[in-house]
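Below is upload.cif, which holds mmCIF, C-alpha atoms.
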```
data_data
loop_
_atom_site.group_PDB
_atom_site.id
_atom_site.type_symbol
_atom_site.label_atom_id
_atom_site.label_comp_id
_atom_site.auth_asym_id
_atom_site.auth_seq_id
_atom_site.Cartn_x
_atom_site.Cartn_y
_atom_site.Cartn_z
ATOM 1 C CA MET A 1 74.945 112.877 103.053
ATOM 2 C CA ALA A 2 78.029 110.629 103.085
ATOM 3 C CA GLN A 3 78.906 108.478 106.061
ATOM 4 C CA ASP A 4 80.186 110.442 109.051
ATOM 5 C CA GLU A 5 83.918 110.666 108.412
ATOM 6 C CA ASN A 6 84.590 111.522 112.062
ATOM 7 C CA ARG A 7 83.415 108.081 113.171
ATOM 8 C CA PRO A 8 86.244 105.509 112.959
ATOM 9 C CA LEU A 9 85.699 102.718 110.458
ATOM 10 C CA ARG A 10 86.654 99.088 110.945
ATOM 11 C CA ALA A 11 89.780 98.047 109.036
ATOM 12 C CA ASP A 12 87.812 96.131 106.383
ATOM 13 C CA ALA A 13 85.386 99.041 105.964
ATOM 14 C CA ARG A 14 88.329 101.453 105.520
ATOM 15 C CA ARG A 15 89.803 99.153 102.869
ATOM 16 C CA ASN A 16 86.477 98.909 101.051
ATOM 17 C CA ARG A 17 86.001 102.680 101.163
ATOM 18 C CA ALA A 18 89.499 103.216 99.752
ATOM 19 C CA ARG A 19 88.862 100.659 96.990
ATOM 20 C CA VAL A 20 85.595 102.346 96.063
ATOM 21 C CA LEU A 21 87.246 105.787 95.908
ATOM 22 C CA LEU A 22 90.126 104.488 93.787
ATOM 23 C CA ALA A 23 87.753 102.708 91.413
ATOM 24 C CA ALA A 24 85.484 105.758 91.224
ATOM 25 C CA GLU A 25 88.402 108.006 90.342
ATOM 26 C CA GLU A 26 89.455 105.628 87.560
ATOM 27 C CA VAL A 27 85.913 105.262 86.216
ATOM 28 C CA PHE A 28 85.210 109.003 86.386
ATOM 29 C CA ALA A 29 88.561 109.782 84.734
ATOM 30 C CA GLU A 30 87.613 107.515 81.838
ATOM 31 C CA SER A 31 83.926 108.349 81.481
ATOM 32 C CA GLY A 32 83.173 111.395 83.630
ATOM 33 C CA PRO A 33 81.076 111.566 86.801
ATOM 34 C CA SER A 34 77.984 110.456 84.878
ATOM 35 C CA ALA A 35 79.443 106.918 84.754
ATOM 36 C CA SER A 36 77.390 104.309 86.564
ATOM 37 C CA THR A 37 77.789 103.505 90.233
ATOM 38 C CA GLU A 38 77.466 99.848 89.247
ATOM 39 C CA GLU A 39 80.644 100.168 87.174
ATOM 40 C CA VAL A 40 82.413 101.692 90.170
ATOM 41 C CA ALA A 41 81.321 98.760 92.342
ATOM 42 C CA ARG A 42 82.405 96.240 89.687
ATOM 43 C CA ARG A 43 85.829 97.897 89.313
ATOM 44 C CA ALA A 44 86.266 98.019 93.111
ATOM 45 C CA GLY A 45 85.285 94.360 93.455
ATOM 46 C CA VAL A 46 82.519 95.125 95.939
ATOM 47 C CA ALA A 47 78.736 94.853 95.997
ATOM 48 C CA ILE A 48 76.728 97.924 95.016
ATOM 49 C CA GLY A 49 75.390 98.009 98.582
ATOM 50 C CA THR A 50 78.930 98.572 99.846
ATOM 51 C CA VAL A 51 79.248 101.648 97.652
ATOM 52 C CA PHE A 52 75.970 103.067 98.950
ATOM 53 C CA ARG A 53 76.829 102.223 102.554
ATOM 54 C CA HIS A 54 79.827 104.568 102.312
ATOM 55 C CA PHE A 55 78.314 107.038 99.827
ATOM 56 C CA PRO A 56 74.498 107.103 100.017
ATOM 57 C CA THR A 57 74.191 109.232 96.867
ATOM 58 C CA LYS A 58 76.123 109.563 93.640
ATOM 59 C CA GLU A 59 76.843 113.183 94.535
ATOM 60 C CA ASP A 60 78.418 112.061 97.825
ATOM 61 C CA LEU A 61 80.717 109.720 95.888
ATOM 62 C CA VAL A 62 81.689 112.328 93.307
ATOM 63 C CA GLN A 63 82.414 114.914 95.996
ATOM 64 C CA ALA A 64 84.512 112.392 97.930
ATOM 65 C CA VAL A 65 86.592 111.663 94.817
ATOM 66 C CA PHE A 66 87.072 115.389 94.299
ATOM 67 C CA ALA A 67 88.069 115.804 97.962
ATOM 68 C CA GLU A 68 90.597 112.958 97.610
ATOM 69 C CA ARG A 69 92.196 114.804 94.696
ATOM 70 C CA VAL A 70 92.381 117.960 96.780
ATOM 71 C CA GLN A 71 93.913 115.972 99.653
ATOM 72 C CA ARG A 72 96.689 114.718 97.360
ATOM 73 C CA LEU A 73 97.383 118.312 96.359
ATOM 74 C CA VAL A 74 97.573 119.236 100.057
ATOM 75 C CA ASP A 75 100.077 116.441 100.661
ATOM 76 C CA GLU A 76 102.211 117.590 97.737
ATOM 77 C CA ALA A 77 102.102 121.255 98.771
ATOM 78 C CA GLU A 78 102.999 120.407 102.372
ATOM 79 C CA THR A 79 105.947 118.296 101.214
ATOM 80 C CA LEU A 80 107.162 121.036 98.867
ATOM 81 C CA SER A 81 106.877 123.640 101.625
ATOM 82 C CA THR A 82 109.920 122.082 103.312
ATOM 83 C CA ALA A 83 112.060 122.098 100.131
ATOM 84 C CA ASP A 84 115.430 123.833 100.119
ATOM 85 C CA ASP A 85 114.483 126.028 97.145
ATOM 86 C CA PRO A 86 111.249 127.918 98.015
ATOM 87 C CA ALA A 87 110.987 129.526 94.562
ATOM 88 C CA ALA A 88 111.224 126.188 92.767
ATOM 89 C CA ALA A 89 108.738 124.682 95.249
ATOM 90 C CA PHE A 90 106.121 127.383 94.627
ATOM 91 C CA PHE A 91 106.399 127.325 90.838
ATOM 92 C CA THR A 92 106.604 123.512 90.740
ATOM 93 C CA PHE A 93 103.337 123.211 92.653
ATOM 94 C CA PHE A 94 101.653 125.821 90.436
ATOM 95 C CA THR A 95 102.846 123.970 87.316
ATOM 96 C CA HIS A 96 101.795 120.563 88.623
ATOM 97 C CA LEU A 97 98.320 121.793 89.470
ATOM 98 C CA THR A 98 98.014 123.089 85.918
ATOM 99 C CA GLU A 99 99.282 119.844 84.385
ATOM 100 C CA LEU A 100 96.673 117.865 86.307
ATOM 101 C CA SER A 101 94.023 119.748 84.343
ATOM 102 C CA VAL A 102 95.574 118.467 81.118
ATOM 103 C CA THR A 103 96.089 114.852 82.162
ATOM 104 C CA LYS A 104 92.852 114.356 84.112
ATOM 105 C CA TYR A 105 89.292 114.507 82.886
ATOM 106 C CA ALA A 106 87.948 118.093 82.911
ATOM 107 C CA PHE A 107 86.439 117.338 86.283
ATOM 108 C CA ALA A 108 84.950 120.662 87.308
ATOM 109 C CA ASP A 109 83.031 121.042 84.040
ATOM 110 C CA THR A 110 81.695 117.503 84.130
ATOM 111 C CA LEU A 111 80.656 117.897 87.750
ATOM 112 C CA ALA A 112 78.630 120.950 86.775
ATOM 113 C CA ALA A 113 77.181 119.084 83.786
ATOM 114 C CA VAL A 114 75.738 116.379 86.023
ATOM 115 C CA GLY A 115 74.453 118.911 88.530
ATOM 116 C CA VAL A 116 77.142 118.564 91.203
ATOM 117 C CA ASP A 117 78.065 121.780 92.986
ATOM 118 C CA VAL A 118 81.883 121.865 93.137
ATOM 119 C CA THR A 119 81.760 124.585 95.795
ATOM 120 C CA ALA A 120 79.875 122.110 97.992
ATOM 121 C CA VAL A 121 83.167 120.288 98.529
ATOM 122 C CA GLY A 122 84.275 123.283 100.589
ATOM 123 C CA ARG A 123 81.195 122.821 102.781
ATOM 124 C CA THR A 124 81.345 119.025 103.027
ATOM 125 C CA HIS A 125 85.142 118.787 103.408
ATOM 126 C CA PRO A 126 86.151 122.159 104.905
ATOM 127 C CA GLN A 127 89.259 120.748 106.602
ATOM 128 C CA VAL A 128 90.897 119.614 103.369
ATOM 129 C CA VAL A 129 90.102 122.859 101.543
ATOM 130 C CA GLY A 130 91.398 124.876 104.496
ATOM 131 C CA ARG A 131 94.584 122.799 104.577
ATOM 132 C CA LEU A 132 95.097 123.363 100.842
ATOM 133 C CA HIS A 133 94.842 127.141 101.256
ATOM 134 C CA ALA A 134 97.182 126.997 104.267
ATOM 135 C CA ALA A 135 99.718 124.946 102.302
ATOM 136 C CA ILE A 136 99.554 127.361 99.366
ATOM 137 C CA ASP A 137 100.005 130.223 101.823
ATOM 138 C CA THR A 138 103.166 128.580 103.168
ATOM 139 C CA LEU A 139 104.565 128.010 99.669
ATOM 140 C CA LEU A 140 103.767 131.608 98.732
ATOM 141 C CA THR A 141 105.227 133.102 101.916
ATOM 142 C CA ASN A 142 108.420 131.067 101.547
ATOM 143 C CA ALA A 143 108.802 132.155 97.914
ATOM 144 C CA GLN A 144 108.193 135.799 98.860
ATOM 145 C CA ARG A 145 110.789 135.650 101.640
ATOM 146 C CA ALA A 146 113.248 134.255 99.089
ATOM 147 C CA GLY A 147 112.506 137.244 96.830
ATOM 148 C CA ALA A 148 111.038 135.051 94.085
ATOM 149 C CA VAL A 149 107.427 136.320 94.229
ATOM 150 C CA ARG A 150 106.083 139.872 94.557
ATOM 151 C CA ALA A 151 105.339 140.884 98.134
ATOM 152 C CA ASP A 152 101.856 142.200 97.268
ATOM 153 C CA VAL A 153 100.525 138.812 96.076
ATOM 154 C CA ARG A 154 98.119 137.042 98.422
ATOM 155 C CA VAL A 155 96.616 133.538 98.568
ATOM 156 C CA PRO A 156 93.189 134.465 97.081
ATOM 157 C CA GLU A 157 94.952 135.872 94.012
ATOM 158 C CA VAL A 158 97.166 132.803 93.675
ATOM 159 C CA VAL A 159 94.198 130.434 93.997
ATOM 160 C CA THR A 160 92.257 132.472 91.409
ATOM 161 C CA MET A 161 95.227 132.326 89.018
ATOM 162 C CA MET A 162 95.598 128.577 89.570
ATOM 163 C CA ILE A 163 91.937 128.026 88.747
ATOM 164 C CA GLY A 164 92.209 130.267 85.686
ATOM 165 C CA VAL A 165 95.329 128.536 84.401
ATOM 166 C CA SER A 166 93.731 125.143 84.997
ATOM 167 C CA ARG A 167 90.837 126.221 82.777
ATOM 168 C CA ALA A 168 93.347 127.498 80.223
ATOM 169 C CA ALA A 169 95.133 124.138 80.362
ATOM 170 C CA GLU A 170 91.886 122.344 79.571
ATOM 171 C CA HIS A 171 91.441 124.703 76.608
ATOM 172 C CA ALA A 172 95.029 124.229 75.389
ATOM 173 C CA GLY A 173 94.641 120.456 75.546
ATOM 174 C CA SER A 174 97.684 118.735 74.096
ATOM 175 C CA ASP A 175 99.394 121.975 73.008
ATOM 176 C CA ARG A 176 102.144 121.835 75.620
ATOM 177 C CA LYS A 177 104.087 124.708 74.064
ATOM 178 C CA LEU A 178 101.090 127.014 74.415
ATOM 179 C CA LEU A 179 100.609 126.003 78.042
ATOM 180 C CA THR A 180 104.296 126.548 78.791
ATOM 181 C CA ARG A 181 104.138 130.047 77.272
ATOM 182 C CA VAL A 182 101.029 130.881 79.318
ATOM 183 C CA LEU A 183 102.733 129.731 82.524
ATOM 184 C CA THR A 184 105.864 131.714 81.664
ATOM 185 C CA ILE A 185 103.815 134.895 81.240
ATOM 186 C CA ILE A 186 101.986 134.339 84.536
ATOM 187 C CA PHE A 187 105.179 133.500 86.412
ATOM 188 C CA ASP A 188 106.851 136.628 85.026
ATOM 189 C CA GLY A 189 103.920 138.639 86.387
ATOM 190 C CA LEU A 190 104.296 137.010 89.810
ATOM 191 C CA ARG A 191 107.991 137.785 90.084
ATOM 192 C CA PRO A 192 109.190 141.113 91.525
ATOM 193 C CA SER A 193 109.587 143.773 88.832
ATOM 194 C CA ASP A 194 113.078 144.705 90.049
ATOM 195 C CA ARG A 195 114.287 141.133 89.672
ATOM 196 C CA SER A 196 117.478 141.070 87.620
#
```

Show this structure as structure tokens.
Amino acid sequence: MAQDENRPLRADARRNRARVLLAAEEVFAESGPSASTEEVARRAGVAIGTVFRHFPTKEDLVQAVFAERVQRLVDEAETLSTADDPAAAFFTFFTHLTELSVTKYAFADTLAAVGVDVTAVGRTHPQVVGRLHAAIDTLLTNAQRAGAVRADVRVPEVVTMMIGVSRAAEHAGSDRKLLTRVLTIIFDGLRPSDRS
């Protein structure tokens, strides 16, 4: 299991951990999570022992990278939740999440291919996953209050659609027109039917 994240790290240890995570994200984006830990250490400019001190197993490192990506989504969703236009905020976040699936390595599939359980991130980093769902709930509620999203839509449905569209985005690849049409159809389904 990864180092206890509740225990404060020294400043230099925090910097090294951040460098390792950044390097790992770059390496995994280029080569997938099967890339070597040695390459991550080289790219981070640290000894391999430093990597293993923070992330005792490769799975710990991969899950931490995945959790960092989720944390960035949380930050974005929380920022958008204070926007003046709740409809634009909701649909912007949905679109951005989908676009990440096009521009980033097909992370979920490659995690599964190397035997990493993506759902384990919810167990190992429950706070960040809970915050993501709470932020999506806020975006959804704000958009519903503005009359931009059907009142009967709930967070589990939105999350399921986001996952499905992300998979569709991976399938569409570079066909941006196809992805835009898919999003348009989904967004039309999310909007109230009496919308003029």

Please evaluate the PyMOL selection byres ((chain A and resi 166-180) around 8) against the displayed coordinates and give the resulting residues as a tab-separated table (two decimals) with C-alpha atoms, in the frame of the given file.
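Output contents, as saved in part_36.tsv:
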```
chain	number	residue	atom	x	y	z
A	97	LEU	CA	98.32	121.79	89.47
A	98	THR	CA	98.01	123.09	85.92
A	99	GLU	CA	99.28	119.84	84.38
A	100	LEU	CA	96.67	117.86	86.31
A	101	SER	CA	94.02	119.75	84.34
A	102	VAL	CA	95.57	118.47	81.12
A	106	ALA	CA	87.95	118.09	82.91
A	162	MET	CA	95.60	128.58	89.57
A	163	ILE	CA	91.94	128.03	88.75
A	164	GLY	CA	92.21	130.27	85.69
A	165	VAL	CA	95.33	128.54	84.40
A	181	ARG	CA	104.14	130.05	77.27
A	182	VAL	CA	101.03	130.88	79.32
A	183	LEU	CA	102.73	129.73	82.52
A	184	THR	CA	105.86	131.71	81.66
```

* To do: Tell me, as an MDAnalysis selection string, which residues lie within 9 Å of stretch 72-77 of chain A, counting all atoms listed in the file; anything in the same chain fewer than 2 positions away does not count.
  => chainID A and resid 67:70 79:81 89:90 93 97 128:129 131:136 138:139

Within 12 Å of (107.0, 134.3, 100.1) in the file's own coordinates, which protein, DNA or RNA residues have an atom, counting all atoms listed in the file? List them as an mmCIF file with C-alpha atoms, keeping the file's coordinate frame.
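Result file follows (out04.cif):
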```
data_model
loop_
_atom_site.group_PDB
_atom_site.id
_atom_site.type_symbol
_atom_site.label_atom_id
_atom_site.label_comp_id
_atom_site.auth_asym_id
_atom_site.auth_seq_id
_atom_site.Cartn_x
_atom_site.Cartn_y
_atom_site.Cartn_z
ATOM 1 C CA SER A 81 106.877 123.640 101.625
ATOM 2 C CA ASP A 85 114.483 126.028 97.145
ATOM 3 C CA PRO A 86 111.249 127.918 98.015
ATOM 4 C CA ALA A 87 110.987 129.526 94.562
ATOM 5 C CA ALA A 88 111.224 126.188 92.767
ATOM 6 C CA ALA A 89 108.738 124.682 95.249
ATOM 7 C CA PHE A 90 106.121 127.383 94.627
ATOM 8 C CA PHE A 91 106.399 127.325 90.838
ATOM 9 C CA ILE A 136 99.554 127.361 99.366
ATOM 10 C CA ASP A 137 100.005 130.223 101.823
ATOM 11 C CA THR A 138 103.166 128.580 103.168
ATOM 12 C CA LEU A 139 104.565 128.010 99.669
ATOM 13 C CA LEU A 140 103.767 131.608 98.732
ATOM 14 C CA THR A 141 105.227 133.102 101.916
ATOM 15 C CA ASN A 142 108.420 131.067 101.547
ATOM 16 C CA ALA A 143 108.802 132.155 97.914
ATOM 17 C CA GLN A 144 108.193 135.799 98.860
ATOM 18 C CA ARG A 145 110.789 135.650 101.640
ATOM 19 C CA ALA A 146 113.248 134.255 99.089
ATOM 20 C CA GLY A 147 112.506 137.244 96.830
ATOM 21 C CA ALA A 148 111.038 135.051 94.085
ATOM 22 C CA VAL A 149 107.427 136.320 94.229
ATOM 23 C CA ARG A 150 106.083 139.872 94.557
ATOM 24 C CA ALA A 151 105.339 140.884 98.134
ATOM 25 C CA ASP A 152 101.856 142.200 97.268
ATOM 26 C CA VAL A 153 100.525 138.812 96.076
ATOM 27 C CA ARG A 154 98.119 137.042 98.422
ATOM 28 C CA VAL A 155 96.616 133.538 98.568
ATOM 29 C CA VAL A 158 97.166 132.803 93.675
ATOM 30 C CA LEU A 190 104.296 137.010 89.810
ATOM 31 C CA ARG A 191 107.991 137.785 90.084
ATOM 32 C CA PRO A 192 109.190 141.113 91.525
#
```

* Point-to-point distance from atom CA of A:Arg53 to atom CA of A:Pro33, Å rounded to tenths ->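 For atom CA of A:Arg53 relative to atom CA of A:Pro33, the distance reads 18.8 Å.
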
Using the file's own x, y and z axes, so that the box edges lie along x, y and z, what centre and edge lengths in Å (one decimal) does a box around every listed atom of stretch 177-183 of chain A get when 3 Å is added on each side? Give it as AutoDock Vina command-line options.
```
--center_x 102.5 --center_y 127.8 --center_z 78.3 --size_x 9.7 --size_y 12.2 --size_z 14.5
```

* Once the PyMOL selection byres ((chain A and resi 65) around 9) has been applied to the shown file, what residues remain in the selection, as a ChimeraX atom specification? -> /A:21-22,24-25,28,60-64,66-70

* Asked: Out of A:Ala18, A:Ala13, A:Ala23, A:Ala29, which residue has the shortest atom-to-atom distance to A:Ala44 when counting only C-alpha atoms?
  ->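 That would be A:Ala23, the residue with the smallest distance to A:Ala44.
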
* Minimum-distance residue to A:Val159, chosen among A:His54, A:Ile186, A:Arg19, A:Phe94 (using all atoms listed in the file) ->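 Counting all atoms listed in the file, the residue closest to A:Val159 is A:Phe94.
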
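Picture a line from atom CA of A:Arg14 to atom CA of A:Glu59; it runs 19.8 Å.
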
* To do: Tell me, in Å to one decimal, how far atom CA of A:Pro156 is from atom CA of A:Glu78.
  =>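 Separating atom CA of A:Pro156 from atom CA of A:Glu78 is a distance of 17.9 Å.
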
* To do: Please provide the set of residues having any atom within 7 Å of stretch 38-42 of chain A, restricted to only C-alpha atoms, with same-chain residues fewer than 3 positions apart removed, written as a list in words.
  => Val20, Ala23, Ala24, Val27, Gly45, Val46, Ala47, Ile48 and Val51 of chain A

* Structure fact -> Residue with the minimum atom-to-atom distance to A:Asn16, picked from A:Gly49, A:Gln71, A:Arg123, A:Ala83 with all atoms listed in the file counted, is A:Gly49

Where atoms are absent from stretch 66-95 of chain A, fill them in so it carries N, CA and C atoms, then output it as a PDB file, keeping the file's coordinate frame.
```
ATOM      1  N   PHE A  66      86.507 114.053  94.470  1.00  0.00           N
ATOM      2  CA  PHE A  66      87.072 115.389  94.299  1.00  0.00           C
ATOM      3  C   PHE A  66      87.890 115.774  95.534  1.00  0.00           C
ATOM      4  N   ALA A  67      87.360 115.488  96.713  1.00  0.00           N
ATOM      5  CA  ALA A  67      88.069 115.804  97.962  1.00  0.00           C
ATOM      6  C   ALA A  67      89.361 115.013  98.081  1.00  0.00           C
ATOM      7  N   GLU A  68      89.370 113.765  97.598  1.00  0.00           N
ATOM      8  CA  GLU A  68      90.597 112.958  97.610  1.00  0.00           C
ATOM      9  C   GLU A  68      91.668 113.595  96.723  1.00  0.00           C
ATOM     10  N   ARG A  69      91.243 114.116  95.580  1.00  0.00           N
ATOM     11  CA  ARG A  69      92.196 114.804  94.696  1.00  0.00           C
ATOM     12  C   ARG A  69      92.772 116.028  95.390  1.00  0.00           C
ATOM     13  N   VAL A  70      91.910 116.773  96.060  1.00  0.00           N
ATOM     14  CA  VAL A  70      92.381 117.960  96.780  1.00  0.00           C
ATOM     15  C   VAL A  70      93.344 117.545  97.890  1.00  0.00           C
ATOM     16  N   GLN A  71      93.038 116.443  98.579  1.00  0.00           N
ATOM     17  CA  GLN A  71      93.913 115.972  99.653  1.00  0.00           C
ATOM     18  C   GLN A  71      95.305 115.636  99.116  1.00  0.00           C
ATOM     19  N   ARG A  72      95.379 115.028  97.947  1.00  0.00           N
ATOM     20  CA  ARG A  72      96.689 114.718  97.360  1.00  0.00           C
ATOM     21  C   ARG A  72      97.462 115.989  97.036  1.00  0.00           C
ATOM     22  N   LEU A  73      96.736 117.020  96.595  1.00  0.00           N
ATOM     23  CA  LEU A  73      97.383 118.312  96.359  1.00  0.00           C
ATOM     24  C   LEU A  73      97.913 118.902  97.669  1.00  0.00           C
ATOM     25  N   VAL A  74      97.131 118.764  98.739  1.00  0.00           N
ATOM     26  CA  VAL A  74      97.573 119.236 100.057  1.00  0.00           C
ATOM     27  C   VAL A  74      98.866 118.534 100.452  1.00  0.00           C
ATOM     28  N   ASP A  75      98.889 117.218 100.299  1.00  0.00           N
ATOM     29  CA  ASP A  75     100.077 116.441 100.661  1.00  0.00           C
ATOM     30  C   ASP A  75     101.290 116.913  99.869  1.00  0.00           C
ATOM     31  N   GLU A  76     101.099 117.132  98.580  1.00  0.00           N
ATOM     32  CA  GLU A  76     102.211 117.590  97.737  1.00  0.00           C
ATOM     33  C   GLU A  76     102.684 118.977  98.168  1.00  0.00           C
ATOM     34  N   ALA A  77     101.738 119.885  98.389  1.00  0.00           N
ATOM     35  CA  ALA A  77     102.102 121.255  98.771  1.00  0.00           C
ATOM     36  C   ALA A  77     102.825 121.263 100.115  1.00  0.00           C
ATOM     37  N   GLU A  78     102.355 120.453 101.063  1.00  0.00           N
ATOM     38  CA  GLU A  78     102.999 120.407 102.372  1.00  0.00           C
ATOM     39  C   GLU A  78     104.408 119.828 102.279  1.00  0.00           C
ATOM     40  N   THR A  79     104.605 118.851 101.418  1.00  0.00           N
ATOM     41  CA  THR A  79     105.947 118.296 101.214  1.00  0.00           C
ATOM     42  C   THR A  79     106.856 119.339 100.574  1.00  0.00           C
ATOM     43  N   LEU A  80     106.353 120.023  99.543  1.00  0.00           N
ATOM     44  CA  LEU A  80     107.162 121.036  98.867  1.00  0.00           C
ATOM     45  C   LEU A  80     107.496 122.218  99.779  1.00  0.00           C
ATOM     46  N   SER A  81     106.646 122.475 100.754  1.00  0.00           N
ATOM     47  CA  SER A  81     106.877 123.640 101.625  1.00  0.00           C
ATOM     48  C   SER A  81     108.131 123.502 102.471  1.00  0.00           C
ATOM     49  N   THR A  82     108.683 122.289 102.552  1.00  0.00           N
ATOM     50  CA  THR A  82     109.920 122.082 103.312  1.00  0.00           C
ATOM     51  C   THR A  82     111.136 121.979 102.393  1.00  0.00           C
ATOM     52  N   ALA A  83     110.957 122.214 101.095  1.00  0.00           N
ATOM     53  CA  ALA A  83     112.060 122.098 100.131  1.00  0.00           C
ATOM     54  C   ALA A  83     113.111 123.175 100.360  1.00  0.00           C
ATOM     55  N   ASP A  84     114.317 122.887  99.951  1.00  0.00           N
ATOM     56  CA  ASP A  84     115.430 123.833 100.119  1.00  0.00           C
ATOM     57  C   ASP A  84     115.297 125.065  99.234  1.00  0.00           C
ATOM     58  N   ASP A  85     114.631 124.920  98.093  1.00  0.00           N
ATOM     59  CA  ASP A  85     114.483 126.028  97.145  1.00  0.00           C
ATOM     60  C   ASP A  85     113.020 126.478  97.128  1.00  0.00           C
ATOM     61  N   PRO A  86     112.653 127.500  97.914  1.00  0.00           N
ATOM     62  CA  PRO A  86     111.249 127.918  98.015  1.00  0.00           C
ATOM     63  C   PRO A  86     110.670 128.412  96.694  1.00  0.00           C
ATOM     64  N   ALA A  87     111.484 129.046  95.858  1.00  0.00           N
ATOM     65  CA  ALA A  87     110.987 129.526  94.562  1.00  0.00           C
ATOM     66  C   ALA A  87     110.598 128.348  93.683  1.00  0.00           C
ATOM     67  N   ALA A  88     111.503 127.373  93.583  1.00  0.00           N
ATOM     68  CA  ALA A  88     111.224 126.188  92.767  1.00  0.00           C
ATOM     69  C   ALA A  88     110.004 125.447  93.315  1.00  0.00           C
ATOM     70  N   ALA A  89     109.874 125.380  94.644  1.00  0.00           N
ATOM     71  CA  ALA A  89     108.738 124.682  95.249  1.00  0.00           C
ATOM     72  C   ALA A  89     107.415 125.335  94.850  1.00  0.00           C
ATOM     73  N   PHE A  90     107.352 126.660  94.958  1.00  0.00           N
ATOM     74  CA  PHE A  90     106.121 127.383  94.627  1.00  0.00           C
ATOM     75  C   PHE A  90     105.750 127.185  93.161  1.00  0.00           C
ATOM     76  N   PHE A  91     106.701 127.416  92.265  1.00  0.00           N
ATOM     77  CA  PHE A  91     106.399 127.325  90.838  1.00  0.00           C
ATOM     78  C   PHE A  91     106.183 125.878  90.385  1.00  0.00           C
ATOM     79  N   THR A  92     106.835 124.931  91.049  1.00  0.00           N
ATOM     80  CA  THR A  92     106.604 123.512  90.740  1.00  0.00           C
ATOM     81  C   THR A  92     105.171 123.124  91.079  1.00  0.00           C
ATOM     82  N   PHE A  93     104.703 123.548  92.258  1.00  0.00           N
ATOM     83  CA  PHE A  93     103.337 123.211  92.653  1.00  0.00           C
ATOM     84  C   PHE A  93     102.329 123.852  91.697  1.00  0.00           C
ATOM     85  N   PHE A  94     102.542 125.108  91.359  1.00  0.00           N
ATOM     86  CA  PHE A  94     101.653 125.821  90.436  1.00  0.00           C
ATOM     87  C   PHE A  94     101.604 125.074  89.095  1.00  0.00           C
ATOM     88  N   THR A  95     102.773 124.677  88.598  1.00  0.00           N
ATOM     89  CA  THR A  95     102.846 123.970  87.316  1.00  0.00           C
ATOM     90  C   THR A  95     102.153 122.620  87.406  1.00  0.00           C
TER      91      THR A  95
END
```
